[in-house]
Amino acid sequence: DGDNATLTVNARVDATKLPFRKEDGRNNDNLTLVVGLFDQNGNSVSAYQKIIEMRLKDETLSAWMRSGIENSTDFIVKPGKYLVRLVVQDSEGHSMAAQSTGVEIPW
């Protein structure tokens, strides 16, 4: 709108790397996704956390193995330079991954 912009952060997690636990005919795991948004001085601007509880049938898991697990979130930001940091942790294997990328919202 001139003063603000919408920054959309899309994350895709490779489901083939997750150690699902089979219980009652379902494939179980929980993913915790945290997205942090930092200004060019390293100050936290905003953050988002989501826990994805997966209790998947074999057919659904098979589809997710091909496509990945996707999540999207929007941040309302002022023009400027930002660092986007994504951290993902699963509950079954206790593994963690992170990725950072810079983004510039033009004036």
# chains A, B, ... in the order shown; residues from 1 in each chain; ligands from 1
>>> select_by_dssp(residues="stretch 18-107 of chain A", states="strand (DSSP E or B)", output="JSON, numbers by chain")
{"A": [21, 22, 23, 26, 27, 28, 29, 30, 31, 32, 33, 34, 35, 36, 37, 38, 39, 44, 45, 46, 47, 48, 49, 50, 51, 52, 53, 54, 55, 56, 69, 70, 71, 72, 73, 74, 75, 76, 77, 80, 81, 82, 83, 84, 85, 86, 87, 88, 89, 90, 96, 97, 98, 99, 100, 101, 102, 103, 104, 105]}
>>> closest_atom_pairs(of="stretch 80-105 of chain A", to="stretch 70-73 of chain A", cutoff="12 Å", atoms="only C-alpha atoms", output="tab-separated table")
residue	atom	partner	partner_atom	distance
A:Val84	CA	A:Thr73	CA	11.8
A:Leu86	CA	A:Asn71	CA	11.3
A:Val88	CA	A:Asn71	CA	11.3
>>> write_last_selection(atoms="N, CA, C and O atoms", output="PDB file, in the first residue's frame")
ATOM      1  N   VAL A  84      15.665 -13.571   6.655  1.00  0.00           N
ATOM      2  CA  VAL A  84      14.642 -14.545   7.012  1.00  0.00           C
ATOM      3  C   VAL A  84      15.367 -15.811   7.460  1.00  0.00           C
ATOM      4  O   VAL A  84      16.219 -16.335   6.738  1.00  0.00           O
ATOM      5  N   LEU A  86      14.741 -19.700   8.907  1.00  0.00           N
ATOM      6  CA  LEU A  86      13.808 -20.813   9.103  1.00  0.00           C
ATOM      7  C   LEU A  86      14.533 -21.914   9.865  1.00  0.00           C
ATOM      8  O   LEU A  86      15.643 -22.304   9.501  1.00  0.00           O
ATOM      9  N   VAL A  88      13.682 -25.830  11.503  1.00  0.00           N
ATOM     10  CA  VAL A  88      12.718 -26.927  11.543  1.00  0.00           C
ATOM     11  C   VAL A  88      13.293 -28.031  12.424  1.00  0.00           C
ATOM     12  O   VAL A  88      14.466 -28.381  12.300  1.00  0.00           O
TER      13      VAL A  88
END
>>> atom_distance(atom1="atom CA of A:Arg26", atom2="atom CA of A:Ala98")
27.3 Å
>>> select_by_dssp(residues="stretch 50-93 of chain A", states="alpha helix (DSSP H)", output="PyMOL selection string")
chain A and resi 58-67
>>> write_last_selection(atoms="N, CA and C atoms", output="PDB file, in the first residue's frame")
ATOM      1  N   ASP A  58      -0.763 -44.324   5.083  1.00  0.00           N
ATOM      2  CA  ASP A  58       0.313 -44.648   4.154  1.00  0.00           C
ATOM      3  C   ASP A  58       0.178 -43.896   2.826  1.00  0.00           C
ATOM      4  N   GLU A  59      -1.067 -43.759   2.323  1.00  0.00           N
ATOM      5  CA  GLU A  59      -1.275 -43.075   1.040  1.00  0.00           C
ATOM      6  C   GLU A  59      -0.883 -41.601   1.134  1.00  0.00           C
ATOM      7  N   THR A  60      -1.236 -40.967   2.235  1.00  0.00           N
ATOM      8  CA  THR A  60      -0.901 -39.550   2.420  1.00  0.00           C
ATOM      9  C   THR A  60       0.597 -39.381   2.571  1.00  0.00           C
ATOM     10  N   LEU A  61       1.217 -40.254   3.336  1.00  0.00           N
ATOM     11  CA  LEU A  61       2.664 -40.187   3.510  1.00  0.00           C
ATOM     12  C   LEU A  61       3.372 -40.364   2.172  1.00  0.00           C
ATOM     13  N   SER A  62       2.897 -41.272   1.365  1.00  0.00           N
ATOM     14  CA  SER A  62       3.493 -41.498   0.046  1.00  0.00           C
ATOM     15  C   SER A  62       3.440 -40.228  -0.807  1.00  0.00           C
ATOM     16  N   ALA A  63       2.316 -39.536  -0.772  1.00  0.00           N
ATOM     17  CA  ALA A  63       2.182 -38.288  -1.527  1.00  0.00           C
ATOM     18  C   ALA A  63       3.132 -37.218  -0.983  1.00  0.00           C
ATOM     19  N   TRP A  64       3.237 -37.126   0.325  1.00  0.00           N
ATOM     20  CA  TRP A  64       4.120 -36.133   0.940  1.00  0.00           C
ATOM     21  C   TRP A  64       5.592 -36.459   0.688  1.00  0.00           C
ATOM     22  N   MET A  65       5.902 -37.740   0.528  1.00  0.00           N
ATOM     23  CA  MET A  65       7.276 -38.129   0.208  1.00  0.00           C
ATOM     24  C   MET A  65       7.680 -37.584  -1.159  1.00  0.00           C
ATOM     25  N   ARG A  66       6.711 -37.494  -2.060  1.00  0.00           N
ATOM     26  CA  ARG A  66       6.986 -36.964  -3.398  1.00  0.00           C
ATOM     27  C   ARG A  66       7.008 -35.439  -3.415  1.00  0.00           C
ATOM     28  N   SER A  67       6.075 -34.807  -2.712  1.00  0.00           N
ATOM     29  CA  SER A  67       5.918 -33.353  -2.819  1.00  0.00           C
ATOM     30  C   SER A  67       6.615 -32.564  -1.721  1.00  0.00           C
TER      31      SER A  67
END
>>> closest_residue(among="A:Arg85, A:His94, A:Arg55, A:Lys78", to="A:Asp3", atoms="only C-alpha atoms")
A:Lys78
